[in-house]
Amino acid sequence: MNVYIKNILRFCIIILLQVLILNKITLRWWSEPSGFPIFIPYVYPLFILLLPFETPVWALLIMGFILGTTVDTFMNTAGMHACATILIAYLRTNVLSALLPRNLSEYTGQHPNIKTMGWMPFLVYSAFLIILHHFVFFTIELWNLSNIGFLLLKVAASAITSMLFIIVYLLLFTRQGTARI
């Protein structure tokens with residue numbers, strides 16, 4: 001399948017998954033109603049994480065803006081998702097360069113996945129960028145650092161839940177180490 005069609009299909013699936021299912025799920029990890037903040041797992045940054053290695057930074061920034069703006073439109077969040085997504089799109093190449101043993105130009109025609117990178121490097125790569133995304137998003141959402149404990153708790157809980165959903169997505173759409181979507 002053409003890489004462009006594959007990525008457009010992945011974009012649509014991830015946006016539909018985020019908007020129609022995950023945005024409707026509000027999770028509490030504590031039983032008491034006021035004990036823990038309600039949060040939504042955000043898996044839409046996975047689209048940026050799964051783009052091919054040779055994707056230039058300018059294209060990542062444009063796709064990050066489109067992805068973030070699309071989610072902002074559905075969630076009425078006025079650019080908060082776009083800001084966080086553009087940041088991880090900008091840093092993605094540097095994180096991959098730090099984690100991979102070879103230069104990114106040697107991975108022509110490939111994209112970051114479990115088969116290319118292995119489980120541990122891929123989980124470190126995705127967890128780092130997901131935590132960074134969530135930290136930026138929730139910092140903008142709360143708009144102050146006076147209650148840093150609340151912010152860190154919200155980031156940690158959301159990142160853990162998002163990573164669990166990302167692992168489920170990878171297991172569902174990965175067949176014997178090769179990505180299907």
# chains A, B, ... in the order shown; residues from 1 in each chain; ligands from 1

$ residues_around --residues "range 67-73 of chain A" --least-positions-apart "3" --cutoff "9 Å" --atoms "only C-alpha atoms" --output "PDB file with N, CA and C atoms, in the first residue's frame"
ATOM      1  N   PHE A  11      -4.179   8.210  10.079  1.00  0.00           N
ATOM      2  CA  PHE A  11      -4.641   9.479  10.649  1.00  0.00           C
ATOM      3  C   PHE A  11      -6.137   9.407  10.955  1.00  0.00           C
ATOM      4  N   ILE A  15      -7.732   9.432  14.725  1.00  0.00           N
ATOM      5  CA  ILE A  15      -8.621  10.547  15.082  1.00  0.00           C
ATOM      6  C   ILE A  15      -9.996  10.016  15.467  1.00  0.00           C
ATOM      7  N   GLN A  18      -9.770   8.428  18.865  1.00  0.00           N
ATOM      8  CA  GLN A  18      -9.646   9.435  19.922  1.00  0.00           C
ATOM      9  C   GLN A  18     -10.966  10.169  20.149  1.00  0.00           C
ATOM     10  N   VAL A  19     -11.577  10.623  19.079  1.00  0.00           N
ATOM     11  CA  VAL A  19     -12.753  11.487  19.202  1.00  0.00           C
ATOM     12  C   VAL A  19     -14.016  10.709  19.566  1.00  0.00           C
ATOM     13  N   TYR A  44      -3.723  10.067  20.167  1.00  0.00           N
ATOM     14  CA  TYR A  44      -3.554  10.645  18.839  1.00  0.00           C
ATOM     15  C   TYR A  44      -2.105  11.026  18.515  1.00  0.00           C
ATOM     16  N   PRO A  45      -1.214  11.329  19.503  1.00  0.00           N
ATOM     17  CA  PRO A  45       0.182  11.590  19.127  1.00  0.00           C
ATOM     18  C   PRO A  45       0.876  10.394  18.484  1.00  0.00           C
ATOM     19  N   PHE A  47       0.149   9.010  15.849  1.00  0.00           N
ATOM     20  CA  PHE A  47       0.266   9.267  14.415  1.00  0.00           C
ATOM     21  C   PHE A  47       1.632   9.880  14.101  1.00  0.00           C
ATOM     22  N   ILE A  48       2.059  10.852  14.867  1.00  0.00           N
ATOM     23  CA  ILE A  48       3.361  11.494  14.665  1.00  0.00           C
ATOM     24  C   ILE A  48       4.483  10.492  14.943  1.00  0.00           C
ATOM     25  N   ILE A  62       4.110  20.416  10.136  1.00  0.00           N
ATOM     26  CA  ILE A  62       2.827  20.668   9.466  1.00  0.00           C
ATOM     27  C   ILE A  62       1.805  19.601   9.854  1.00  0.00           C
ATOM     28  N   MET A  63       2.233  18.325   9.836  1.00  0.00           N
ATOM     29  CA  MET A  63       1.309  17.252  10.207  1.00  0.00           C
ATOM     30  C   MET A  63       0.939  17.327  11.690  1.00  0.00           C
ATOM     31  N   GLY A  64       1.882  17.729  12.528  1.00  0.00           N
ATOM     32  CA  GLY A  64       1.582  17.920  13.944  1.00  0.00           C
ATOM     33  C   GLY A  64       0.559  19.028  14.149  1.00  0.00           C
ATOM     34  N   ASN A  76     -12.739  21.374  21.433  1.00  0.00           N
ATOM     35  CA  ASN A  76     -12.939  22.788  21.783  1.00  0.00           C
ATOM     36  C   ASN A  76     -11.885  23.256  22.792  1.00  0.00           C
ATOM     37  N   THR A  77     -10.616  23.020  22.468  1.00  0.00           N
ATOM     38  CA  THR A  77      -9.537  23.354  23.385  1.00  0.00           C
ATOM     39  C   THR A  77      -8.629  24.484  22.905  1.00  0.00           C
ATOM     40  N   ALA A  78      -8.966  25.159  21.856  1.00  0.00           N
ATOM     41  CA  ALA A  78      -8.318  26.401  21.424  1.00  0.00           C
ATOM     42  C   ALA A  78      -6.803  26.321  21.278  1.00  0.00           C
ATOM     43  N   GLY A  79      -6.301  25.315  20.611  1.00  0.00           N
ATOM     44  CA  GLY A  79      -4.886  25.254  20.284  1.00  0.00           C
ATOM     45  C   GLY A  79      -3.989  24.551  21.284  1.00  0.00           C
ATOM     46  N   MET A  80      -4.527  24.064  22.384  1.00  0.00           N
ATOM     47  CA  MET A  80      -3.681  23.399  23.387  1.00  0.00           C
ATOM     48  C   MET A  80      -3.108  22.091  22.842  1.00  0.00           C
ATOM     49  N   HIS A  81      -3.908  21.314  22.143  1.00  0.00           N
ATOM     50  CA  HIS A  81      -3.417  20.069  21.560  1.00  0.00           C
ATOM     51  C   HIS A  81      -2.430  20.356  20.435  1.00  0.00           C
ATOM     52  N   ALA A  82      -2.689  21.383  19.654  1.00  0.00           N
ATOM     53  CA  ALA A  82      -1.781  21.740  18.561  1.00  0.00           C
ATOM     54  C   ALA A  82      -0.408  22.124  19.109  1.00  0.00           C
ATOM     55  N   CYS A  83      -0.371  22.874  20.174  1.00  0.00           N
ATOM     56  CA  CYS A  83       0.896  23.290  20.776  1.00  0.00           C
ATOM     57  C   CYS A  83       1.704  22.078  21.245  1.00  0.00           C
ATOM     58  N   ALA A  84       1.071  21.189  21.978  1.00  0.00           N
ATOM     59  CA  ALA A  84       1.768  20.010  22.494  1.00  0.00           C
ATOM     60  C   ALA A  84       2.201  19.075  21.371  1.00  0.00           C
ATOM     61  N   THR A  85       1.378  18.941  20.346  1.00  0.00           N
ATOM     62  CA  THR A  85       1.701  18.040  19.237  1.00  0.00           C
ATOM     63  C   THR A  85       2.820  18.594  18.371  1.00  0.00           C
ATOM     64  N   ILE A  86       2.843  19.895  18.164  1.00  0.00           N
ATOM     65  CA  ILE A  86       3.931  20.506  17.395  1.00  0.00           C
ATOM     66  C   ILE A  86       5.262  20.330  18.122  1.00  0.00           C
TER      67      ILE A  86
END

$ residues_around --residues "Leu151 in chain A" --least-positions-apart "2" --cutoff "9 Å" --atoms "only C-alpha atoms" --output "PyMOL selection string"
chain A and resi 135+138-139+142+145+147-149+153-156

$ write_last_selection --atoms "N, CA and C atoms" --output "short mmCIF file (atom, residue, chain, number, x, y, z; two decimals), in the first residue's frame"
data_model
loop_
_atom_site.label_atom_id
_atom_site.label_comp_id
_atom_site.auth_asym_id
_atom_site.auth_seq_id
_atom_site.Cartn_x
_atom_site.Cartn_y
_atom_site.Cartn_z
N PHE A 135 2.66 16.62 29.55
CA PHE A 135 3.13 17.67 30.44
C PHE A 135 2.83 19.05 29.86
N PHE A 138 -1.18 19.57 29.79
CA PHE A 138 -1.80 19.82 31.10
C PHE A 138 -1.26 21.08 31.76
N THR A 139 -0.02 21.47 31.45
CA THR A 139 0.49 22.75 31.96
C THR A 139 -0.29 23.90 31.35
N LEU A 142 -3.96 23.75 32.89
CA LEU A 142 -4.05 24.25 34.27
C LEU A 142 -3.58 25.69 34.39
N LEU A 145 1.69 26.67 37.83
CA LEU A 145 2.48 25.61 38.43
C LEU A 145 2.40 25.67 39.95
N ASN A 147 0.24 24.26 41.89
CA ASN A 147 -0.05 22.95 42.42
C ASN A 147 0.66 21.91 41.55
N ILE A 148 1.98 21.86 41.66
CA ILE A 148 2.79 20.98 40.82
C ILE A 148 2.48 19.51 41.06
N GLY A 149 2.10 19.16 42.28
CA GLY A 149 1.76 17.77 42.59
C GLY A 149 0.55 17.30 41.80
N LEU A 153 0.66 14.41 38.95
CA LEU A 153 -0.23 13.27 39.10
C LEU A 153 -1.10 13.08 37.86
N LYS A 154 -1.61 14.19 37.36
CA LYS A 154 -2.44 14.14 36.17
C LYS A 154 -1.63 13.69 34.95
N VAL A 155 -0.40 14.20 34.82
CA VAL A 155 0.46 13.80 33.71
C VAL A 155 0.81 12.33 33.81
N ALA A 156 1.20 11.87 34.99
CA ALA A 156 1.59 10.47 35.17
C ALA A 156 0.43 9.51 34.89
#

$ residues_around --residues "Leu51 in chain A" --least-positions-apart "5" --cutoff "8 Å" --atoms "only C-alpha atoms" --output "PyMOL selection string"
chain A and resi 7+111-112

$ select_by_dssp --residues "range 24-130 of chain A" --states "helix (DSSP H, G or I)" --output "JSON, numbers by chain"
{"A": [24, 46, 47, 48, 49, 57, 58, 59, 60, 61, 62, 63, 64, 65, 66, 67, 68, 69, 70, 71, 72, 73, 74, 75, 80, 81, 82, 83, 84, 85, 86, 87, 88, 89, 90, 91, 92, 93, 94, 95, 96, 97, 98, 99, 104, 105, 106, 114, 115, 116, 117, 119, 120, 121, 122, 123, 124, 125, 126, 127, 128, 129, 130]}

$ residues_around --residues "Val124 in chain A" --least-positions-apart "5" --cutoff "12 Å" --atoms "only C-alpha atoms" --output "list in words"
Leu49, Val95, Leu96, Ala98, Leu99, Leu100, Pro112, Asn113, Ile114, Met117, Gly118, Trp119, Leu129, Ile130, Ile131 and Met163 of chain A

$ closest_residue --among "A:Ile14, A:Ile25, A:Pro56, A:Leu9" --to "Thr93 in chain A" --atoms "only C-alpha atoms"
A:Pro56
